[in-house]
Structure formats: structure tokens, C-alpha cells
$ cat input_1.pdb   # PDB, C-alpha atoms
ATOM      1  CA  MET A   1     180.727   7.981  41.272
ATOM      2  CA  MET A   2     182.786   5.225  42.871
ATOM      3  CA  ASP A   3     180.940   2.792  45.128
ATOM      4  CA  ASN A   4     183.842   2.372  47.561
ATOM      5  CA  PHE A   5     186.876   4.271  48.741
ATOM      6  CA  ILE A   6     189.452   1.566  49.411
ATOM      7  CA  CYS A   7     193.004   2.927  49.336
ATOM      8  CA  ASN A   8     194.281   1.027  46.303
ATOM      9  CA  ASP A   9     195.505   1.485  42.731
ATOM     10  CA  HIS A  10     191.942   1.709  41.428
ATOM     11  CA  LEU A  11     191.248   4.755  43.586
ATOM     12  CA  LEU A  12     194.575   6.303  42.614
ATOM     13  CA  ARG A  13     193.768   5.937  38.892
ATOM     14  CA  HIS A  14     190.287   7.361  39.451
ATOM     15  CA  ILE A  15     191.632  10.498  41.164
ATOM     16  CA  ARG A  16     194.478  10.928  38.687
ATOM     17  CA  VAL A  17     192.178  10.761  35.650
ATOM     18  CA  ASN A  18     189.758  13.300  37.114
ATOM     19  CA  LEU A  19     192.539  15.724  38.040
ATOM     20  CA  LYS A  20     194.047  15.499  34.545
ATOM     21  CA  ARG A  21     190.702  16.592  33.100
ATOM     22  CA  PHE A  22     190.633  19.648  35.348
ATOM     23  CA  THR A  23     192.408  22.948  34.659
ATOM     24  CA  PRO A  24     193.205  24.661  37.984
ATOM     25  CA  ARG A  25     192.983  28.438  38.241
ATOM     26  CA  ALA A  26     196.006  30.310  39.546
ATOM     27  CA  LEU A  27     195.706  33.528  41.558
ATOM     28  CA  ASP A  28     198.795  35.716  41.825
ATOM     29  CA  ASN A  29     197.378  38.684  43.678
ATOM     30  CA  ALA A  30     199.924  41.417  44.359
ATOM     31  CA  GLY A  31     200.771  41.856  48.019
ATOM     32  CA  ARG A  32     199.511  38.456  49.127
ATOM     33  CA  LYS A  33     201.765  35.875  50.718
ATOM     34  CA  LYS A  34     201.888  32.523  48.911
ATOM     35  CA  ALA A  35     201.303  29.239  50.695
ATOM     36  CA  ALA A  36     200.828  25.633  49.630
ATOM     37  CA  VAL A  37     198.943  22.804  51.314
ATOM     38  CA  ALA A  38     198.936  19.053  50.783
ATOM     39  CA  ILE A  39     195.667  17.189  50.257
ATOM     40  CA  THR A  40     197.105  13.736  50.911
ATOM     41  CA  VAL A  41     195.253  10.445  50.466
ATOM     42  CA  VAL A  42     196.312   7.627  52.811
ATOM     43  CA  ASP A  43     194.908   4.457  54.347
ATOM     44  CA  ILE A  44     192.841   5.176  57.438
ATOM     45  CA  GLN A  45     194.442   2.264  59.317
ATOM     46  CA  ASN A  46     197.920   1.195  60.407
ATOM     47  CA  GLY A  47     199.045   4.543  61.830
ATOM     48  CA  SER A  48     199.985   5.611  65.346
ATOM     49  CA  ASP A  49     198.317   8.988  64.836
ATOM     50  CA  ARG A  50     194.864   9.853  66.113
ATOM     51  CA  CYS A  51     191.869   8.182  64.496
ATOM     52  CA  ASP A  52     188.806   9.349  66.383
ATOM     53  CA  MET A  53     184.987   9.549  66.095
ATOM     54  CA  GLY A  54     184.819   5.807  65.352
ATOM     55  CA  PHE A  55     186.129   6.204  61.794
ATOM     56  CA  CYS A  56     188.679   3.377  62.005
ATOM     57  CA  GLU A  57     185.993   0.914  63.044
ATOM     58  CA  ALA A  58     183.417   2.217  60.565
ATOM     59  CA  TRP A  59     185.677   2.285  57.489
ATOM     60  CA  PRO A  60     188.506  -0.239  57.976
ATOM     61  CA  GLY A  61     191.030  -0.074  55.145
ATOM     62  CA  HIS A  62     189.352   2.856  53.437
ATOM     63  CA  ALA A  63     191.111   5.922  52.091
ATOM     64  CA  ALA A  64     191.318   9.096  54.140
ATOM     65  CA  ILE A  65     192.652  12.652  53.920
ATOM     66  CA  ILE A  66     195.219  13.852  56.439
ATOM     67  CA  LEU A  67     194.038  16.798  58.511
ATOM     68  CA  THR A  68     195.554  18.391  61.590
ATOM     69  CA  LYS A  69     194.479  20.525  64.505
ATOM     70  CA  ARG A  70     196.905  23.430  64.705
ATOM     71  CA  ALA A  71     198.922  23.835  67.892
ATOM     72  CA  LEU A  72     197.326  26.192  70.418
ATOM     73  CA  LYS A  73     200.492  28.259  70.813
ATOM     74  CA  LEU A  74     200.643  29.283  67.144
ATOM     75  CA  ARG A  75     200.188  32.981  66.403
ATOM     76  CA  ASN A  76     197.728  32.494  63.524
ATOM     77  CA  HIS A  77     194.647  30.235  63.465
ATOM     78  CA  ALA A  78     195.610  28.328  66.607
ATOM     79  CA  GLY A  79     193.547  25.204  67.283
ATOM     80  CA  GLN A  80     191.805  25.236  63.910
ATOM     81  CA  TRP A  81     191.447  22.388  61.423
ATOM     82  CA  ALA A  82     194.096  22.556  58.700
ATOM     83  CA  LEU A  83     195.716  20.676  55.860
ATOM     84  CA  PRO A  84     199.487  20.229  56.238
ATOM     85  CA  GLY A  85     201.089  23.249  54.614
ATOM     86  CA  GLY A  86     202.693  26.625  55.026
ATOM     87  CA  ARG A  87     204.292  29.627  53.417
ATOM     88  CA  MET A  88     206.250  29.092  50.208
ATOM     89  CA  GLU A  89     209.948  29.856  50.514
ATOM     90  CA  ALA A  90     211.874  31.749  47.845
ATOM     91  CA  GLY A  91     212.435  29.591  44.772
ATOM     92  CA  GLU A  92     210.034  26.845  45.838
ATOM     93  CA  SER A  93     207.234  25.486  43.700
ATOM     94  CA  PRO A  94     203.865  24.751  45.356
ATOM     95  CA  GLU A  95     204.637  21.035  45.074
ATOM     96  CA  GLU A  96     207.992  21.436  46.833
ATOM     97  CA  THR A  97     206.420  23.461  49.624
ATOM     98  CA  ALA A  98     203.589  20.982  50.120
ATOM     99  CA  LEU A  99     205.986  18.022  50.345
ATOM    100  CA  ARG A 100     208.314  19.883  52.723
ATOM    101  CA  GLU A 101     205.481  20.931  55.021
ATOM    102  CA  LEU A 102     203.959  17.440  54.956
ATOM    103  CA  GLU A 103     207.213  15.994  56.255
ATOM    104  CA  GLU A 104     207.780  18.785  58.781
ATOM    105  CA  GLU A 105     204.274  18.718  60.256
ATOM    106  CA  VAL A 106     203.254  15.044  60.246
ATOM    107  CA  GLY A 107     206.474  13.157  59.456
ATOM    108  CA  LEU A 108     205.317  11.846  56.073
ATOM    109  CA  LYS A 109     208.057  11.939  53.427
ATOM    110  CA  LEU A 110     206.816  11.595  49.855
ATOM    111  CA  GLY A 111     208.571  11.927  46.525
ATOM    112  CA  ALA A 112     207.697  14.222  43.649
ATOM    113  CA  ASP A 113     206.302  11.210  41.773
ATOM    114  CA  GLN A 114     203.555  10.941  44.400
ATOM    115  CA  ILE A 115     202.093  14.317  43.430
ATOM    116  CA  ILE A 116     198.977  13.619  41.365
ATOM    117  CA  GLY A 117     197.547  17.053  40.639
ATOM    118  CA  ARG A 118     196.560  20.570  41.659
ATOM    119  CA  LEU A 119     193.334  22.364  42.530
ATOM    120  CA  ASP A 120     192.352  26.033  42.307
ATOM    121  CA  ASP A 121     194.226  28.688  44.264
ATOM    122  CA  TYR A 122     192.206  30.160  47.114
ATOM    123  CA  SER A 123     192.782  33.629  48.576
ATOM    124  CA  THR A 124     192.147  33.960  52.303
ATOM    125  CA  ARG A 125     190.932  36.906  54.336
ATOM    126  CA  SER A 126     194.143  36.683  56.370
ATOM    127  CA  GLY A 127     196.272  37.683  53.356
ATOM    128  CA  PHE A 128     197.424  34.383  51.819
ATOM    129  CA  THR A 129     196.945  32.770  48.430
ATOM    130  CA  ILE A 130     196.777  29.024  49.075
ATOM    131  CA  LYS A 131     197.906  26.626  46.342
ATOM    132  CA  PRO A 132     196.451  23.128  46.969
ATOM    133  CA  VAL A 133     198.561  20.142  45.902
ATOM    134  CA  VAL A 134     197.053  16.641  45.771
ATOM    135  CA  ALA A 135     199.372  13.806  46.816
ATOM    136  CA  TRP A 136     199.070  10.024  47.124
ATOM    137  CA  GLY A 137     200.400   8.699  50.431
ATOM    138  CA  GLY A 138     199.041   5.194  50.025
ATOM    139  CA  PRO A 139     198.574   2.542  52.716
ATOM    140  CA  CYS A 140     200.348   1.717  55.961
ATOM    141  CA  ARG A 141     201.827   5.105  56.755
ATOM    142  CA  THR A 142     202.799   6.089  60.303
ATOM    143  CA  LEU A 143     202.361   9.792  61.036
ATOM    144  CA  THR A 144     204.048  11.766  63.811
ATOM    145  CA  ALA A 145     202.933  15.247  64.851
ATOM    146  CA  ASN A 146     205.472  18.070  65.127
ATOM    147  CA  PRO A 147     204.430  19.548  68.518
ATOM    148  CA  GLN A 148     205.637  23.006  67.500
ATOM    149  CA  GLU A 149     202.945  23.198  64.819
ATOM    150  CA  VAL A 150     200.451  20.365  65.275
ATOM    151  CA  ALA A 151     198.273  19.492  68.260
ATOM    152  CA  SER A 152     196.853  16.313  66.688
ATOM    153  CA  ILE A 153     196.673  14.423  63.395
ATOM    154  CA  HIS A 154     193.397  13.093  62.019
ATOM    155  CA  ARG A 155     192.694  10.732  59.133
ATOM    156  CA  ILE A 156     189.208  11.652  57.949
ATOM    157  CA  PRO A 157     187.683   9.047  55.575
ATOM    158  CA  LEU A 158     186.834  10.146  52.061
ATOM    159  CA  ALA A 159     183.409   8.610  52.652
ATOM    160  CA  GLU A 160     182.748  11.188  55.375
ATOM    161  CA  PHE A 161     183.249  14.032  52.901
ATOM    162  CA  MET A 162     180.757  12.432  50.485
ATOM    163  CA  ARG A 163     177.857  12.907  52.913
ATOM    164  CA  ARG A 164     174.586  14.191  51.449
ATOM    165  CA  ASP A 165     174.482  17.047  53.972
ATOM    166  CA  ALA A 166     177.798  18.428  52.677
ATOM    167  CA  PRO A 167     178.587  21.160  52.103
ATOM    168  CA  ILE A 168     176.848  23.454  54.585
ATOM    169  CA  LEU A 169     176.361  27.016  53.314
ATOM    170  CA  ARG A 170     175.730  29.788  55.828
ATOM    171  CA  ASP A 171     175.084  33.472  55.275
ATOM    172  CA  ILE A 172     176.948  35.971  57.441
ATOM    173  CA  PRO A 173     176.318  39.710  57.827
ATOM    174  CA  GLU A 174     179.942  40.580  57.018
ATOM    175  CA  SER A 175     179.833  39.256  53.417
ATOM    176  CA  ASP A 176     177.599  38.887  50.355
ATOM    177  CA  HIS A 177     178.907  35.343  49.832
ATOM    178  CA  PRO A 178     177.992  32.280  51.911
ATOM    179  CA  VAL A 179     180.468  30.571  54.217
ATOM    180  CA  LEU A 180     181.233  26.982  53.162
ATOM    181  CA  LEU A 181     181.556  24.336  55.889
ATOM    182  CA  MET A 182     182.162  20.587  55.607
ATOM    183  CA  PRO A 183     180.525  18.377  58.265
ATOM    184  CA  VAL A 184     182.678  15.806  60.070
ATOM    185  CA  GLY A 185     180.984  13.588  62.633
ATOM    186  CA  ASN A 186     178.827  15.930  64.702
ATOM    187  CA  HIS A 187     181.129  18.884  64.009
ATOM    188  CA  TRP A 188     182.256  20.827  60.959
ATOM    189  CA  ILE A 189     185.398  22.126  59.270
ATOM    190  CA  ALA A 190     185.462  25.768  58.172
ATOM    191  CA  SER A 191     186.849  27.342  55.030
ATOM    192  CA  PRO A 192     189.422  27.831  53.669
ATOM    193  CA  THR A 193     190.207  24.192  54.547
ATOM    194  CA  ALA A 194     186.592  23.169  53.937
ATOM    195  CA  ALA A 195     186.491  24.845  50.521
ATOM    196  CA  LEU A 196     189.606  22.961  49.394
ATOM    197  CA  ILE A 197     188.218  19.643  50.639
ATOM    198  CA  TYR A 198     184.903  20.309  48.910
ATOM    199  CA  GLN A 199     186.646  21.023  45.614
ATOM    200  CA  PHE A 200     188.686  17.825  46.013
ATOM    201  CA  ARG A 201     185.452  15.918  46.519
ATOM    202  CA  GLU A 202     183.758  17.458  43.483
ATOM    203  CA  VAL A 203     186.728  17.397  41.089
ATOM    204  CA  ALA A 204     188.860  14.420  42.127
ATOM    205  CA  MET A 205     186.114  12.081  43.322
ATOM    206  CA  LEU A 206     183.039  13.088  41.295
ATOM    207  CA  GLY A 207     184.667  14.475  38.144
ATOM    208  CA  ARG A 208     182.839  17.807  38.323
ATOM    209  CA  HIS A 209     184.474  21.134  37.432
ATOM    210  CA  GLN A 210     183.504  22.921  40.630
ATOM    211  CA  ARG A 211     185.041  26.297  41.554
ATOM    212  CA  VAL A 212     185.252  27.413  45.191
ATOM    213  CA  ALA A 213     187.177  30.714  45.271
ATOM    214  CA  HIS A 214     183.928  32.656  45.734
ATOM    215  CA  TYR A 215     182.972  30.907  48.962
ATOM    216  CA  GLU A 216     183.468  32.892  52.145
ATOM    217  CA  GLN A 217     185.311  32.055  55.360
ATOM    218  CA  PRO A 218     183.879  32.469  58.862
ATOM    219  CA  TYR A 219     184.548  35.841  60.417
ATOM    220  CA  PHE A 220     186.862  34.308  63.055
ATOM    221  CA  ALA A 221     189.201  33.186  60.251
ATOM    222  CA  TRP A 222     189.579  36.683  58.796
ATOM    223  CA  ARG A 223     192.478  37.517  61.121
TER     224      ARG A 223
END
$ encode --input "input_1.pdb" --output "C-alpha cells"
Amino acid sequence: MMDNFICNDHLLRHIRVNLKRFTPRALDNAGRKKAAVAITVVDIQNGSDRCDMGFCEAWPGHAAIILTKRALKLRNHAGQWALPGGRMEAGESPEETALRELEEEVGLKLGADQIIGRLDDYSTRSGFTIKPVVAWGGPCRTLTANPQEVASIHRIPLAEFMRRDAPILRDIPESDHPVLLMPVGNHWIASPTAALIYQFREVAMLGRHQRVAHYEQPYFAWR
């Protein structure tokens, strides 16, 4: 395990090597809509976007993952934590969708050469198969929220996702599988976003071949 999470070439090589050793599982379930999300590593500083809960002061210069709070007026999953992403358009690859949605939602334009890997597909209770794409945004990036889709942008430090109390597993009466949550500050992020972040932590940061498709989502996310 790395002893720091500074957003530099050393971290990029570390993540790239671990992702190359991992074989992601694809799910092409009939009748499900396909979506792609971007798990994007950037510097926690030097942006005009929101950096709350004291993270900027606690981890200056460290690497972070871009997360958003979805706009309250959206039809599906309004106000929830999310990775930048959306439905795949006809003829698009998951990488193309992730890059397009990253630019549309938070104003970050990256090239195909900044894609560094993929994680397992994850099927949601709301009828989507999510294809996670890992991208390297690097340092000194300004992010701008698209108000039609994003209420706020958050750079959550990688160090926060390495906490010893993560993940949180909770049983629910509606399922035989536990819900996976990732703690952030004094709050938590729910699956499916939490499951994807947890797999990024285990695979990309710790080099473990961890699967997450079996983890459940909270009942409120089933619709």
C-alpha cells in the first residue's frame, strides 16, 4: 500500500499498473440500459469547485476523486451522490460516454489518452448496467457544474476512502445481500456509487482483485 496520495506521476503509475493486472467483468444483461461513469483522479486543490468538510486543509496537494451531488430537479436519483456519467448513446464506447459526460457535467475535458483502465460492470436496481471508466485528470483543474444536472461538485481525497471503517455493510429486509456504504466525513455515500469507489480502492490502490457486483443498494435507490 502507498504511504501517500500526492497527485503525481508516481501515483499515476501505481494505479495504472494495478488496473493492468485486473480483468474487469462485463455484464450485458438483456433489457437493461447501458451507462458509463468516470472515476477521475485530480488534485484536491486549485479548483473553483466546492471543497468542503475541511479536506483541502487536511490534505493539501493530495489526489482526490470527483463526485457530484445530483441536481434536485432531476427525475431520477435527485440530490444523491454520483460519479460524473450517464446513458451511453448509440455507437459510443464506455470510454467515450464517460469523457463526454465528464465534460458536460463538470466542465473537465480529457483526451482518450487519459483513460487508464476499467472496473467491473455493476447492474442497478433502477434498470441500468453501469460501466466504470478510470481517468487521470491530474493537478490544477478548474471544474464548473452544469446546473441542469449537478447541484455541487466535490473533490473527495483518496485518503478518505482508505479509512479503516470503510466499507460499511448493512443488512436490509428487502434483500439477502448487504448494502455497501462508503463513509465520508460524518456522512456516507450509498451504492451503486459506493460500490464502484470501494472497488477502485481495492483494485487500483491496494492491488486486490475485489468484486462488488453482489453488494446491494439501499431501498431508496431501487427506483
$ residues_near_point --input "input_1.pdb" --point "(193.9, 8.7, 44.4)" --cutoff "8 Å" --atoms "only C-alpha atoms" --output "NGL selection string"
:A and (7-16 or 41 or 116 or 135-136 or 204)
$ residues_near_point --input "input_1.pdb" --point "(184.5, 27.1, 47.1)" --cutoff "9 Å" --atoms "all atoms listed in the file" --output "list in words"
Tyr122, Val179, Leu180, Ser191, Pro192, Ala194, Ala195, Leu196, Tyr198, Gln199, Gln210, Arg211, Val212, Ala213, His214, Tyr215 and Glu216 of chain A
$ resolve_selection --input "input_1.pdb" --expression "the PyMOL selection byres ((chain A and resi 146) around 9)" --output "list of chain:residue names"
A:Glu104, A:Glu105, A:Val106, A:Gly107, A:Thr144, A:Ala145, A:Pro147, A:Gln148, A:Glu149, A:Val150, A:Ala151, A:Ser152
$ axis_aligned_box --input "input_1.pdb" --around "segment 134-152 of chain A" --padding-each-side "6 Å" --output "AutoDock Vina command-line options"
--center_x 201.2 --center_y 12.5 --center_z 57.1 --size_x 20.8 --size_y 33.5 --size_z 34.7
$ closest_residue --input "input_1.pdb" --among "A:Leu119, A:Ile130, A:Leu108, A:Leu19" --to "Ala82 of chain A" --atoms "all atoms listed in the file"
A:Ile130
$ atom_distance --input "input_1.pdb" --atom1 "atom CA of Leu99 of chain A" --atom2 "atom CA of Thr68 of chain A"
15.3 Å
$ atom_distance --input "input_1.pdb" --atom1 "atom CA of Phe200 of chain A" --atom2 "atom CA of Ala36 of chain A"
14.9 Å
$ atom_distance --input "input_1.pdb" --atom1 "atom CA of Met182 of chain A" --atom2 "atom CA of Pro167 of chain A"
5.0 Å
$ resolve_selection --input "input_1.pdb" --expression "the PyMOL selection byres ((chain A and resi 158) around 12)" --output "number ranges by chain"
A: 2-7, 11, 15, 39-44, 55, 59, 61-67, 155-157, 159-163, 182, 184, 197-198, 200-202, 204-206
$ closest_residue --input "input_1.pdb" --among "A:Ala166, A:Leu143, A:Ile189, A:Ile172" --to "Gln45 of chain A" --atoms "all atoms listed in the file"
A:Leu143
$ closest_residue --input "input_1.pdb" --among "A:Ser123, A:Ser175, A:Glu103, A:Trp81" --to "His187 of chain A" --atoms "only C-alpha atoms"
A:Trp81
$ closest_residue --input "input_1.pdb" --among "A:Ala98, A:Ala190, A:Ala26, A:Val37" --to "Arg170 of chain A" --atoms "only C-alpha atoms"
A:Ala190
$ closest_residue --input "input_1.pdb" --among "A:Asp176, A:Asp120, A:Asp171, A:Glu101" --to "Leu27 of chain A" --atoms "all atoms listed in the file"
A:Asp120
$ closest_residue --input "input_1.pdb" --among "A:Thr124, A:Thr193, A:Lys34, A:Leu102" --to "Glu89 of chain A" --atoms "all atoms listed in the file"
A:Lys34
